[in-house]
>>> print(open('coords_3.csv').read())   # CSV, C-alpha atoms
chain,number,residue,atom,x,y,z
H,1,MET,CA,1.0,-0.1,3.3
H,2,ARG,CA,3.6,-1.0,0.7
H,3,LEU,CA,4.3,-0.1,-2.9
H,4,THR,CA,6.3,-2.6,-5.0
H,5,ARG,CA,10.0,-2.1,-5.5
H,6,TYR,CA,9.1,-2.0,-9.2
H,7,THR,CA,7.2,1.3,-8.6
H,8,ASP,CA,9.9,2.7,-6.4
H,9,TYR,CA,12.6,2.0,-9.1
H,10,SER,CA,10.4,3.3,-11.9
H,11,LEU,CA,10.2,6.7,-10.2
H,12,ARG,CA,13.9,6.7,-9.4
H,13,LEU,CA,14.8,5.8,-13.0
H,14,LEU,CA,12.6,8.7,-14.3
H,15,MET,CA,14.1,11.1,-11.8
H,16,TYR,CA,17.6,10.1,-13.0
H,17,LEU,CA,16.7,10.8,-16.6
H,18,ALA,CA,15.0,14.1,-15.7
H,19,LEU,CA,18.3,15.2,-14.0
H,20,LYS,CA,20.2,14.6,-17.2
H,21,PRO,CA,17.8,15.9,-19.8
H,22,ASP,CA,20.3,16.5,-22.6
H,23,GLU,CA,22.1,13.1,-22.3
H,24,LEU,CA,21.6,9.5,-23.2
H,25,CYS,CA,22.0,7.3,-20.1
H,26,THR,CA,22.6,3.6,-19.9
H,27,ILE,CA,21.0,1.1,-17.5
H,28,LYS,CA,24.5,0.2,-16.3
H,29,GLU,CA,25.3,3.8,-15.4
H,30,ILE,CA,21.9,4.4,-13.7
H,31,ALA,CA,22.1,1.1,-11.7
H,32,GLY,CA,25.7,2.1,-10.7
H,33,HIS,CA,24.7,5.5,-9.4
H,34,TYR,CA,21.7,4.1,-7.4
H,35,LYS,CA,23.7,1.0,-6.4
H,36,ILE,CA,20.8,-1.2,-7.5
H,37,SER,CA,20.3,-4.2,-9.8
H,38,GLU,CA,20.7,-3.7,-13.6
H,39,ASN,CA,18.2,-6.6,-14.2
H,40,HIS,CA,15.4,-4.9,-12.3
H,41,LEU,CA,16.0,-1.6,-14.2
H,42,MET,CA,16.0,-3.3,-17.6
H,43,LYS,CA,12.5,-4.6,-17.1
H,44,ILE,CA,11.3,-1.3,-15.8
H,45,ALA,CA,12.9,0.7,-18.7
H,46,HIS,CA,11.1,-1.6,-21.1
H,47,GLN,CA,7.8,-0.9,-19.5
H,48,LEU,CA,8.4,2.8,-19.2
H,49,GLY,CA,9.2,2.7,-22.9
H,50,VAL,CA,6.0,0.9,-23.8
H,51,ALA,CA,4.1,3.5,-21.8
H,52,GLY,CA,5.8,6.3,-23.8
H,53,ASP,CA,7.6,8.0,-20.9
H,54,ILE,CA,11.1,7.1,-22.1
H,55,GLU,CA,12.7,6.2,-25.3
H,56,THR,CA,15.8,4.2,-26.3
H,57,VAL,CA,18.3,5.3,-28.8
H,58,ARG,CA,20.1,2.2,-30.1
H,59,GLY,CA,23.6,1.6,-31.2
H,60,ARG,CA,27.0,2.8,-30.0
H,61,GLY,CA,26.7,5.8,-27.8
H,62,GLY,CA,23.0,5.0,-27.4
H,63,GLY,CA,20.9,4.9,-24.2
H,64,LEU,CA,17.8,6.1,-22.6
H,65,ARG,CA,16.2,9.5,-22.3
H,66,LEU,CA,12.8,10.9,-21.4
H,67,ALA,CA,10.3,10.8,-24.3
H,68,ARG,CA,8.4,13.8,-23.1
H,69,PRO,CA,9.1,16.8,-20.9
H,70,ALA,CA,9.3,16.0,-17.2
H,71,ASP,CA,6.4,18.3,-16.4
H,72,ALA,CA,4.2,16.2,-18.7
H,73,ILE,CA,5.0,13.0,-16.8
H,74,ASN,CA,2.5,12.6,-14.0
H,75,VAL,CA,3.6,10.8,-10.8
H,76,GLY,CA,0.1,9.4,-10.1
H,77,ALA,CA,-0.1,7.9,-13.6
H,78,VAL,CA,3.3,6.3,-13.3
H,79,ALA,CA,2.4,4.8,-9.9
H,80,ARG,CA,-1.0,3.5,-10.9
H,81,ARG,CA,0.5,1.8,-13.9
H,82,ALA,CA,3.4,0.3,-12.0
H,83,GLU,CA,1.0,-0.9,-9.3
H,84,GLN,CA,-1.7,-2.3,-11.6
H,85,ASP,CA,-1.0,-5.9,-10.6
H,86,SER,CA,-1.0,-5.2,-6.8
H,87,ALA,CA,-4.1,-6.1,-4.9
H,88,LEU,CA,-4.7,-3.9,-1.9
H,89,VAL,CA,-6.3,-6.8,0.0
H,90,GLU,CA,-7.3,-10.3,-1.1
H,91,CYS,CA,-10.7,-9.3,-2.6
H,92,PHE,CA,-9.1,-6.8,-5.0
H,93,ARG,CA,-7.8,-9.9,-7.0
H,94,PRO,CA,-11.1,-11.6,-7.9
H,95,GLU,CA,-9.3,-14.7,-9.6
H,96,THR,CA,-7.9,-15.8,-6.2
H,97,ASN,CA,-10.2,-14.1,-3.7
H,98,LEU,CA,-11.6,-16.5,-1.1
H,99,CYS,CA,-13.1,-14.0,1.3
H,100,VAL,CA,-16.6,-15.1,2.2
H,101,LEU,CA,-17.7,-11.5,3.0
H,102,THR,CA,-17.3,-10.3,-0.6
H,103,PRO,CA,-21.0,-10.4,-1.7
H,104,ALA,CA,-22.0,-8.1,1.2
H,105,CYS,CA,-18.8,-6.2,2.0
H,106,VAL,CA,-18.7,-2.5,2.8
H,107,LEU,CA,-15.0,-2.6,3.7
H,108,LYS,CA,-13.9,-3.3,0.1
H,109,GLY,CA,-15.6,0.0,-1.1
H,110,VAL,CA,-14.0,1.9,1.8
H,111,LEU,CA,-10.5,0.6,1.0
H,112,GLY,CA,-11.0,1.3,-2.7
H,113,LYS,CA,-11.9,4.9,-1.9
H,114,ALA,CA,-8.9,5.3,0.3
H,115,GLU,CA,-6.6,3.8,-2.4
H,116,GLU,CA,-8.1,6.4,-4.8
H,117,ARG,CA,-7.2,9.2,-2.4
H,118,PHE,CA,-3.6,8.0,-2.3
H,119,TYR,CA,-3.3,8.2,-6.1
H,120,GLU,CA,-5.2,11.5,-6.3
H,121,GLU,CA,-2.5,13.0,-4.1
H,122,LEU,CA,0.2,11.7,-6.5
H,123,ASP,CA,-1.8,13.0,-9.5
H,124,THR,CA,-1.0,16.6,-8.3
H,125,VAL,CA,2.7,16.0,-8.8
H,126,THR,CA,4.8,15.7,-12.0
H,127,LEU,CA,8.3,14.4,-12.5
H,128,ALA,CA,9.5,18.0,-12.9
H,129,ASP,CA,8.4,18.6,-9.3
H,130,LEU,CA,10.4,15.6,-8.1
H,131,VAL,CA,13.7,17.0,-9.5
H,132,LYS,CA,13.3,20.6,-8.4
H,133,PRO,CA,16.2,20.4,-5.9
H,134,GLN,CA,18.4,19.6,-8.9
H,135,GLN,CA,21.8,20.4,-7.5
H,136,ARG,CA,21.2,18.5,-4.3
H,137,LEU,CA,19.8,15.5,-6.1
H,138,LYS,CA,22.8,15.5,-8.5
H,139,LYS,CA,25.1,15.6,-5.5
H,140,ALA,CA,23.3,12.7,-3.8
H,141,LEU,CA,23.7,10.7,-7.0
H,142,ALA,CA,27.3,11.6,-7.4
H,143,LEU,CA,26.6,13.1,-10.8
P,1,MET,CA,-0.4,-0.9,-3.3
P,2,ARG,CA,-0.8,-3.6,-0.8
P,3,LEU,CA,-1.9,-3.9,2.8
P,4,THR,CA,-0.7,-6.8,4.9
P,5,ARG,CA,-2.9,-9.9,5.4
P,6,TYR,CA,-2.6,-9.0,9.1
P,7,THR,CA,-4.5,-5.8,8.6
P,8,ASP,CA,-7.1,-7.5,6.4
P,9,TYR,CA,-7.7,-10.2,9.0
P,10,SER,CA,-7.8,-7.7,11.9
P,11,LEU,CA,-10.7,-5.9,10.2
P,12,ARG,CA,-12.4,-9.1,9.4
P,13,LEU,CA,-12.1,-10.3,13.0
P,14,LEU,CA,-13.5,-7.0,14.3
P,15,MET,CA,-16.4,-7.2,11.8
P,16,TYR,CA,-17.3,-10.7,13.0
P,17,LEU,CA,-17.4,-9.6,16.6
P,18,ALA,CA,-19.5,-6.6,15.7
P,19,LEU,CA,-22.0,-8.9,14.0
P,20,LYS,CA,-22.4,-10.9,17.2
P,21,PRO,CA,-22.4,-8.1,19.9
P,22,ASP,CA,-24.0,-10.2,22.6
P,23,GLU,CA,-22.0,-13.3,22.4
P,24,LEU,CA,-18.5,-14.6,23.2
P,25,CYS,CA,-16.9,-15.9,20.0
P,26,THR,CA,-13.9,-18.3,19.8
P,27,ILE,CA,-11.0,-18.1,17.4
P,28,LYS,CA,-11.9,-21.5,16.2
P,29,GLU,CA,-15.4,-20.5,15.3
P,30,ILE,CA,-14.3,-17.2,13.6
P,31,ALA,CA,-11.5,-19.0,11.6
P,32,GLY,CA,-14.1,-21.6,10.6
P,33,HIS,CA,-16.6,-19.1,9.3
P,34,TYR,CA,-14.0,-17.2,7.3
P,35,LYS,CA,-12.2,-20.4,6.3
P,36,ILE,CA,-8.8,-18.9,7.4
P,37,SER,CA,-6.0,-19.9,9.7
P,38,GLU,CA,-6.6,-20.0,13.4
P,39,ASN,CA,-2.9,-19.3,14.0
P,40,HIS,CA,-3.1,-16.0,12.2
P,41,LEU,CA,-6.2,-15.0,14.1
P,42,MET,CA,-4.7,-15.8,17.5
P,43,LYS,CA,-1.8,-13.3,17.1
P,44,ILE,CA,-4.2,-10.7,15.7
P,45,ALA,CA,-6.7,-11.2,18.6
P,46,HIS,CA,-3.8,-10.7,21.0
P,47,GLN,CA,-2.8,-7.4,19.5
P,48,LEU,CA,-6.4,-6.1,19.2
P,49,GLY,CA,-6.7,-7.0,22.9
P,50,VAL,CA,-3.5,-5.0,23.7
P,51,ALA,CA,-4.9,-2.1,21.8
P,52,GLY,CA,-8.1,-2.3,23.8
P,53,ASP,CA,-10.5,-3.0,20.9
P,54,ILE,CA,-11.4,-6.5,22.1
P,55,GLU,CA,-11.4,-8.4,25.3
P,56,THR,CA,-11.1,-12.1,26.2
P,57,VAL,CA,-13.3,-13.8,28.8
P,58,ARG,CA,-11.4,-16.8,30.0
P,59,GLY,CA,-12.6,-20.2,31.0
P,60,ARG,CA,-15.3,-22.7,29.9
P,61,GLY,CA,-17.8,-20.8,27.7
P,62,GLY,CA,-15.3,-18.0,27.3
P,63,GLY,CA,-14.3,-16.2,24.2
P,64,LEU,CA,-13.7,-12.8,22.5
P,65,ARG,CA,-16.0,-9.8,22.3
P,66,LEU,CA,-15.6,-6.1,21.4
P,67,ALA,CA,-14.3,-4.1,24.3
P,68,ARG,CA,-16.0,-0.9,23.2
P,69,PRO,CA,-19.0,-0.1,21.0
P,70,ALA,CA,-18.5,-0.6,17.3
P,71,ASP,CA,-19.0,3.0,16.6
P,72,ALA,CA,-16.1,3.9,18.9
P,73,ILE,CA,-13.7,1.7,16.9
P,74,ASN,CA,-12.1,3.7,14.1
P,75,VAL,CA,-11.1,1.9,10.9
P,76,GLY,CA,-8.2,4.3,10.2
P,77,ALA,CA,-6.8,3.8,13.7
P,78,VAL,CA,-7.0,0.0,13.4
P,79,ALA,CA,-5.3,0.1,9.9
P,80,ARG,CA,-2.6,2.5,11.0
P,81,ARG,CA,-1.7,0.3,13.9
P,82,ALA,CA,-1.8,-2.9,12.0
P,83,GLU,CA,0.4,-1.4,9.2
P,84,GLN,CA,2.9,0.3,11.5
P,85,ASP,CA,5.7,-2.1,10.5
P,86,SER,CA,5.0,-1.7,6.8
P,87,ALA,CA,7.3,0.6,4.9
P,88,LEU,CA,5.6,2.2,1.8
P,89,VAL,CA,9.0,2.2,0.0
P,90,GLU,CA,12.5,1.5,1.1
P,91,CYS,CA,13.3,4.9,2.6
P,92,PHE,CA,10.4,4.6,5.0
P,93,ARG,CA,12.4,2.1,7.0
P,94,PRO,CA,15.6,4.1,7.9
P,95,GLU,CA,17.3,1.1,9.5
P,96,THR,CA,17.7,-0.7,6.1
P,97,ASN,CA,17.3,2.2,3.7
P,98,LEU,CA,20.0,2.3,1.0
P,99,CYS,CA,18.5,4.8,-1.4
P,100,VAL,CA,21.2,7.4,-2.2
P,101,LEU,CA,18.6,10.1,-3.0
P,102,THR,CA,17.4,10.2,0.6
P,103,PRO,CA,19.2,13.4,1.7
P,104,ALA,CA,17.6,15.5,-1.1
P,105,CYS,CA,14.5,13.5,-2.0
P,106,VAL,CA,11.1,15.2,-2.7
P,107,LEU,CA,9.4,11.9,-3.6
P,108,LYS,CA,9.5,10.7,0.0
P,109,GLY,CA,7.5,13.7,1.2
P,110,VAL,CA,5.0,13.3,-1.7
P,111,LEU,CA,4.5,9.6,-1.0
P,112,GLY,CA,4.1,10.3,2.8
P,113,LYS,CA,1.4,12.8,2.0
P,114,ALA,CA,-0.4,10.3,-0.2
P,115,GLU,CA,-0.2,7.6,2.5
P,116,GLU,CA,-1.7,10.1,4.9
P,117,ARG,CA,-4.6,10.8,2.5
P,118,PHE,CA,-5.3,7.0,2.4
P,119,TYR,CA,-5.6,6.8,6.2
P,120,GLU,CA,-7.6,10.0,6.4
P,121,GLU,CA,-10.2,8.4,4.3
P,122,LEU,CA,-10.4,5.4,6.6
P,123,ASP,CA,-10.5,7.8,9.6
P,124,THR,CA,-14.0,8.7,8.4
P,125,VAL,CA,-15.3,5.2,8.9
P,126,THR,CA,-16.1,3.2,12.1
P,127,LEU,CA,-16.5,-0.5,12.6
P,128,ALA,CA,-20.3,0.2,13.0
P,129,ASP,CA,-20.3,1.5,9.4
P,130,LEU,CA,-18.7,-1.7,8.1
P,131,VAL,CA,-21.4,-3.9,9.6
P,132,LYS,CA,-24.4,-1.9,8.5
P,133,PRO,CA,-25.6,-4.5,6.0
P,134,GLN,CA,-26.0,-6.8,9.0
P,135,GLN,CA,-28.3,-9.5,7.6
P,136,ARG,CA,-26.4,-9.8,4.3
P,137,LEU,CA,-23.1,-10.1,6.1
P,138,LYS,CA,-24.4,-12.7,8.5
P,139,LYS,CA,-25.7,-14.6,5.5
P,140,ALA,CA,-22.3,-14.4,3.8
P,141,LEU,CA,-20.7,-15.7,7.0
P,142,ALA,CA,-23.3,-18.5,7.4
P,143,LEU,CA,-24.2,-17.1,10.8
>>> encode(input="coords_3.csv", output="structure tokens")
Amino acid sequence: MRLTRYTDYSLRLLMYLALKPDELCTIKEIAGHYKISENHLMKIAHQLGVAGDIETVRGRGGGLRLARPADAINVGAVARRAEQDSALVECFRPETNLCVLTPACVLKGVLGKAEERFYEELDTVTLADLVKPQQRLKKALAL
Amino acid sequence: MRLTRYTDYSLRLLMYLALKPDELCTIKEIAGHYKISENHLMKIAHQLGVAGDIETVRGRGGGLRLARPADAINVGAVARRAEQDSALVECFRPETNLCVLTPACVLKGVLGKAEERFYEELDTVTLADLVKPQQRLKKALAL
């Protein structure tokens, strides 16, 4: 089972901002600390902005910050949104599904229920929970 | 969230065999009914054989069949095995993991727990459950 890198990086970006709550952070800075691509983060920051999790302050000295408290950002909600274009198996994307079993399939329902269990577990966690070992995470990020 | 095509096809192959419990089925026949690649199914049949879920009868008139009753084949076990090389996110594959958060990360544990919830749901289902609408599935497969 795999999540997209998009989801992984979305959560990492939010964690970074949650660790620096009183500062504006740039994509360049975040990408540098994680040693990952700025381009990827730019698209992700845009989408997290659209969703209302982060906000951008423009201009010199500008940057990104959380748009709401970390304990109001639900990990399940972030992951569901980031994964919305992922199809668990072929039949979860009706436009391209060719599986002949589809009209009679029990497996599809079983897999859908299992996927829901996955997200329900994440629904119990907030961004604030993810950054609880604050000092250790800051050290890992060389902050 | 995505499962591999390998897992999807493994379950489809098992369902096919469970729908024809008293017959030997060939890869060619199964691939034809599902309209999918024989090559893919061959590798999958081999691995399901190694795992003891199916067996091959060699020679003229030979083919594949389930090696144990459908209600003794657990869907969770099949899926876990088929997905064993899939990493949920980067840090689930230590050999290539570059995420700097790893030594202090809470997210990894949270995601691991959610993944386990997914499989636990599948653990409640057997191959026999998947083929309960037998007549409708046979019709869908043109059997």
>>> residues_around(input="coords_3.csv", residues="Asp53 in chain P", least_positions_apart="6", cutoff="12 Å", atoms="only C-alpha atoms", output="number ranges by chain")
P: 10-11, 13-15, 17-18, 44-47, 64-75, 77-78, 81, 127
>>> interface_residues(input="coords_3.csv", of="chain P", to="chain H", cutoff="9 Å", atoms="all atoms listed in the file", output="VMD selection string")
chain P and resid 1 to 5 7 to 8 11 to 12 33 to 36 80 83 to 90 98 to 107 110 to 111 113 to 122 125 129 to 134 136 to 141
>>> atom_distance(input="coords_3.csv", atom1="CA of Tyr16 in chain H", atom2="CA of Ile30 in chain H")
7.2 Å
>>> calpha_fit_and_write(input="coords_3.csv", fixed="chain H", moving="chain P", output="CSV table (one decimal) with C-alpha atoms, keeping the file's coordinate frame")
chain,number,residue,atom,x,y,z
P,1,MET,CA,1.0,-0.1,3.3
P,2,ARG,CA,3.5,-1.0,0.8
P,3,LEU,CA,4.3,-0.2,-2.8
P,4,THR,CA,6.3,-2.6,-5.0
P,5,ARG,CA,10.1,-2.2,-5.5
P,6,TYR,CA,9.1,-2.0,-9.2
P,7,THR,CA,7.2,1.2,-8.6
P,8,ASP,CA,10.0,2.7,-6.4
P,9,TYR,CA,12.6,1.9,-9.0
P,10,SER,CA,10.4,3.3,-11.9
P,11,LEU,CA,10.3,6.6,-10.2
P,12,ARG,CA,13.9,6.6,-9.4
P,13,LEU,CA,14.8,5.8,-13.0
P,14,LEU,CA,12.5,8.6,-14.3
P,15,MET,CA,14.1,11.0,-11.8
P,16,TYR,CA,17.6,10.2,-13.0
P,17,LEU,CA,16.7,10.8,-16.6
P,18,ALA,CA,15.1,14.1,-15.7
P,19,LEU,CA,18.3,15.2,-14.0
P,20,LYS,CA,20.2,14.6,-17.2
P,21,PRO,CA,17.7,15.9,-19.9
P,22,ASP,CA,20.3,16.4,-22.6
P,23,GLU,CA,22.1,13.1,-22.4
P,24,LEU,CA,21.6,9.4,-23.2
P,25,CYS,CA,22.0,7.4,-20.1
P,26,THR,CA,22.6,3.6,-19.9
P,27,ILE,CA,21.1,1.1,-17.5
P,28,LYS,CA,24.5,0.3,-16.3
P,29,GLU,CA,25.3,3.8,-15.4
P,30,ILE,CA,21.9,4.4,-13.7
P,31,ALA,CA,22.1,1.1,-11.7
P,32,GLY,CA,25.7,2.1,-10.7
P,33,HIS,CA,24.7,5.5,-9.4
P,34,TYR,CA,21.8,4.1,-7.4
P,35,LYS,CA,23.7,1.0,-6.4
P,36,ILE,CA,20.8,-1.3,-7.5
P,37,SER,CA,20.3,-4.2,-9.8
P,38,GLU,CA,20.6,-3.7,-13.5
P,39,ASN,CA,18.3,-6.6,-14.2
P,40,HIS,CA,15.5,-4.8,-12.3
P,41,LEU,CA,16.1,-1.6,-14.2
P,42,MET,CA,16.0,-3.3,-17.6
P,43,LYS,CA,12.4,-4.6,-17.2
P,44,ILE,CA,11.3,-1.3,-15.8
P,45,ALA,CA,12.9,0.7,-18.7
P,46,HIS,CA,11.1,-1.6,-21.1
P,47,GLN,CA,7.7,-0.9,-19.5
P,48,LEU,CA,8.3,2.9,-19.2
P,49,GLY,CA,9.2,2.7,-22.9
P,50,VAL,CA,5.9,0.9,-23.7
P,51,ALA,CA,4.1,3.5,-21.8
P,52,GLY,CA,5.8,6.2,-23.8
P,53,ASP,CA,7.6,8.0,-20.9
P,54,ILE,CA,11.1,7.1,-22.1
P,55,GLU,CA,12.7,6.2,-25.3
P,56,THR,CA,15.8,4.2,-26.2
P,57,VAL,CA,18.3,5.3,-28.9
P,58,ARG,CA,20.1,2.2,-30.1
P,59,GLY,CA,23.6,1.6,-31.1
P,60,ARG,CA,27.1,2.8,-30.0
P,61,GLY,CA,26.6,5.9,-27.8
P,62,GLY,CA,23.0,5.0,-27.4
P,63,GLY,CA,20.9,5.0,-24.3
P,64,LEU,CA,17.7,6.1,-22.5
P,65,ARG,CA,16.2,9.5,-22.3
P,66,LEU,CA,12.7,11.0,-21.4
P,67,ALA,CA,10.3,10.8,-24.3
P,68,ARG,CA,8.3,13.8,-23.1
P,69,PRO,CA,9.1,16.8,-20.9
P,70,ALA,CA,9.3,16.1,-17.2
P,71,ASP,CA,6.4,18.3,-16.5
P,72,ALA,CA,4.2,16.2,-18.8
P,73,ILE,CA,5.0,13.0,-16.8
P,74,ASN,CA,2.5,12.5,-14.0
P,75,VAL,CA,3.6,10.7,-10.8
P,76,GLY,CA,0.1,9.3,-10.1
P,77,ALA,CA,-0.1,7.9,-13.6
P,78,VAL,CA,3.3,6.3,-13.4
P,79,ALA,CA,2.4,4.8,-9.9
P,80,ARG,CA,-1.0,3.6,-11.0
P,81,ARG,CA,0.5,1.8,-13.9
P,82,ALA,CA,3.3,0.3,-12.0
P,83,GLU,CA,1.0,-0.9,-9.2
P,84,GLN,CA,-1.7,-2.3,-11.5
P,85,ASP,CA,-0.9,-5.9,-10.5
P,86,SER,CA,-0.9,-5.1,-6.8
P,87,ALA,CA,-4.0,-6.1,-4.9
P,88,LEU,CA,-4.6,-3.8,-1.8
P,89,VAL,CA,-6.2,-6.8,0.0
P,90,GLU,CA,-7.3,-10.2,-1.2
P,91,CYS,CA,-10.7,-9.3,-2.6
P,92,PHE,CA,-9.0,-6.9,-5.0
P,93,ARG,CA,-7.8,-9.8,-7.0
P,94,PRO,CA,-11.1,-11.7,-7.9
P,95,GLU,CA,-9.3,-14.6,-9.6
P,96,THR,CA,-7.9,-15.8,-6.2
P,97,ASN,CA,-10.2,-14.1,-3.8
P,98,LEU,CA,-11.6,-16.4,-1.1
P,99,CYS,CA,-13.1,-14.0,1.3
P,100,VAL,CA,-16.6,-15.1,2.2
P,101,LEU,CA,-17.8,-11.5,3.0
P,102,THR,CA,-17.3,-10.4,-0.6
P,103,PRO,CA,-21.0,-10.4,-1.7
P,104,ALA,CA,-22.0,-8.0,1.1
P,105,CYS,CA,-18.8,-6.3,2.0
P,106,VAL,CA,-18.6,-2.5,2.8
P,107,LEU,CA,-14.9,-2.6,3.7
P,108,LYS,CA,-13.9,-3.2,0.0
P,109,GLY,CA,-15.6,0.0,-1.1
P,110,VAL,CA,-14.1,2.0,1.8
P,111,LEU,CA,-10.6,0.6,1.1
P,112,GLY,CA,-11.0,1.4,-2.7
P,113,LYS,CA,-11.9,4.9,-1.9
P,114,ALA,CA,-8.8,5.3,0.3
P,115,GLU,CA,-6.6,3.8,-2.4
P,116,GLU,CA,-8.1,6.4,-4.8
P,117,ARG,CA,-7.3,9.2,-2.4
P,118,PHE,CA,-3.6,8.0,-2.3
P,119,TYR,CA,-3.3,8.2,-6.1
P,120,GLU,CA,-5.2,11.5,-6.3
P,121,GLU,CA,-2.5,13.0,-4.2
P,122,LEU,CA,0.2,11.8,-6.5
P,123,ASP,CA,-1.9,13.0,-9.5
P,124,THR,CA,-1.0,16.5,-8.3
P,125,VAL,CA,2.7,16.0,-8.8
P,126,THR,CA,4.8,15.8,-12.0
P,127,LEU,CA,8.3,14.3,-12.5
P,128,ALA,CA,9.5,18.0,-12.9
P,129,ASP,CA,8.4,18.6,-9.3
P,130,LEU,CA,10.4,15.7,-8.0
P,131,VAL,CA,13.6,17.0,-9.5
P,132,LYS,CA,13.3,20.6,-8.4
P,133,PRO,CA,16.2,20.4,-5.9
P,134,GLN,CA,18.4,19.6,-8.9
P,135,GLN,CA,21.9,20.3,-7.5
P,136,ARG,CA,21.2,18.5,-4.2
P,137,LEU,CA,19.9,15.5,-6.1
P,138,LYS,CA,22.8,15.4,-8.5
P,139,LYS,CA,25.1,15.6,-5.5
P,140,ALA,CA,23.3,12.7,-3.8
P,141,LEU,CA,23.7,10.7,-7.0
P,142,ALA,CA,27.4,11.6,-7.4
P,143,LEU,CA,26.6,13.1,-10.8
>>> atom_distance(input="coords_3.csv", atom1="CA of Ala51 in chain P", atom2="CA of Leu143 in chain P")
26.8 Å
>>> atom_distance(input="coords_3.csv", atom1="CA of Tyr6 in chain H", atom2="CA of Lys20 in chain H")
21.5 Å
>>> decode(input="coords_3.csv", residues="range 79-91 of chain P", atoms="N, CA and C atoms", output="tab-separated table (two decimals), in the first residue's frame")
chain	number	residue	atom	x	y	z
P	79	ALA	N	-3.34	-10.06	0.81
P	79	ALA	CA	-2.98	-8.67	0.51
P	79	ALA	C	-1.66	-8.26	1.18
P	80	ARG	N	-1.48	-8.63	2.43
P	80	ARG	CA	-0.23	-8.29	3.13
P	80	ARG	C	0.96	-8.88	2.39
P	81	ARG	N	0.81	-10.11	1.95
P	81	ARG	CA	1.91	-10.80	1.26
P	81	ARG	C	2.18	-10.10	-0.08
P	82	ALA	N	1.11	-9.82	-0.81
P	82	ALA	CA	1.29	-9.21	-2.14
P	82	ALA	C	1.87	-7.80	-2.04
P	83	GLU	N	1.59	-7.12	-0.93
P	83	GLU	CA	2.05	-5.74	-0.75
P	83	GLU	C	3.35	-5.64	0.04
P	84	GLN	N	4.00	-6.77	0.29
P	84	GLN	CA	5.12	-6.70	1.22
P	84	GLN	C	6.28	-5.83	0.74
P	85	ASP	N	6.38	-5.61	-0.56
P	85	ASP	CA	7.46	-4.74	-1.05
P	85	ASP	C	7.02	-3.29	-1.23
P	86	SER	N	5.75	-2.99	-0.91
P	86	SER	CA	5.27	-1.61	-1.04
P	86	SER	C	5.58	-0.82	0.22
P	87	ALA	N	6.13	0.36	0.05
P	87	ALA	CA	6.39	1.23	1.20
P	87	ALA	C	5.30	2.30	1.23
P	88	LEU	N	4.60	2.42	2.35
P	88	LEU	CA	3.49	3.37	2.47
P	88	LEU	C	3.98	4.79	2.16
P	89	VAL	N	5.08	5.18	2.78
P	89	VAL	CA	5.78	6.42	2.42
P	89	VAL	C	7.28	6.11	2.50
P	90	GLU	N	8.06	7.07	2.08
P	90	GLU	CA	9.51	6.89	1.94
P	90	GLU	C	10.19	6.17	3.12
P	91	CYS	N	9.83	6.56	4.36
P	91	CYS	CA	10.56	6.02	5.52
P	91	CYS	C	10.21	4.57	5.83
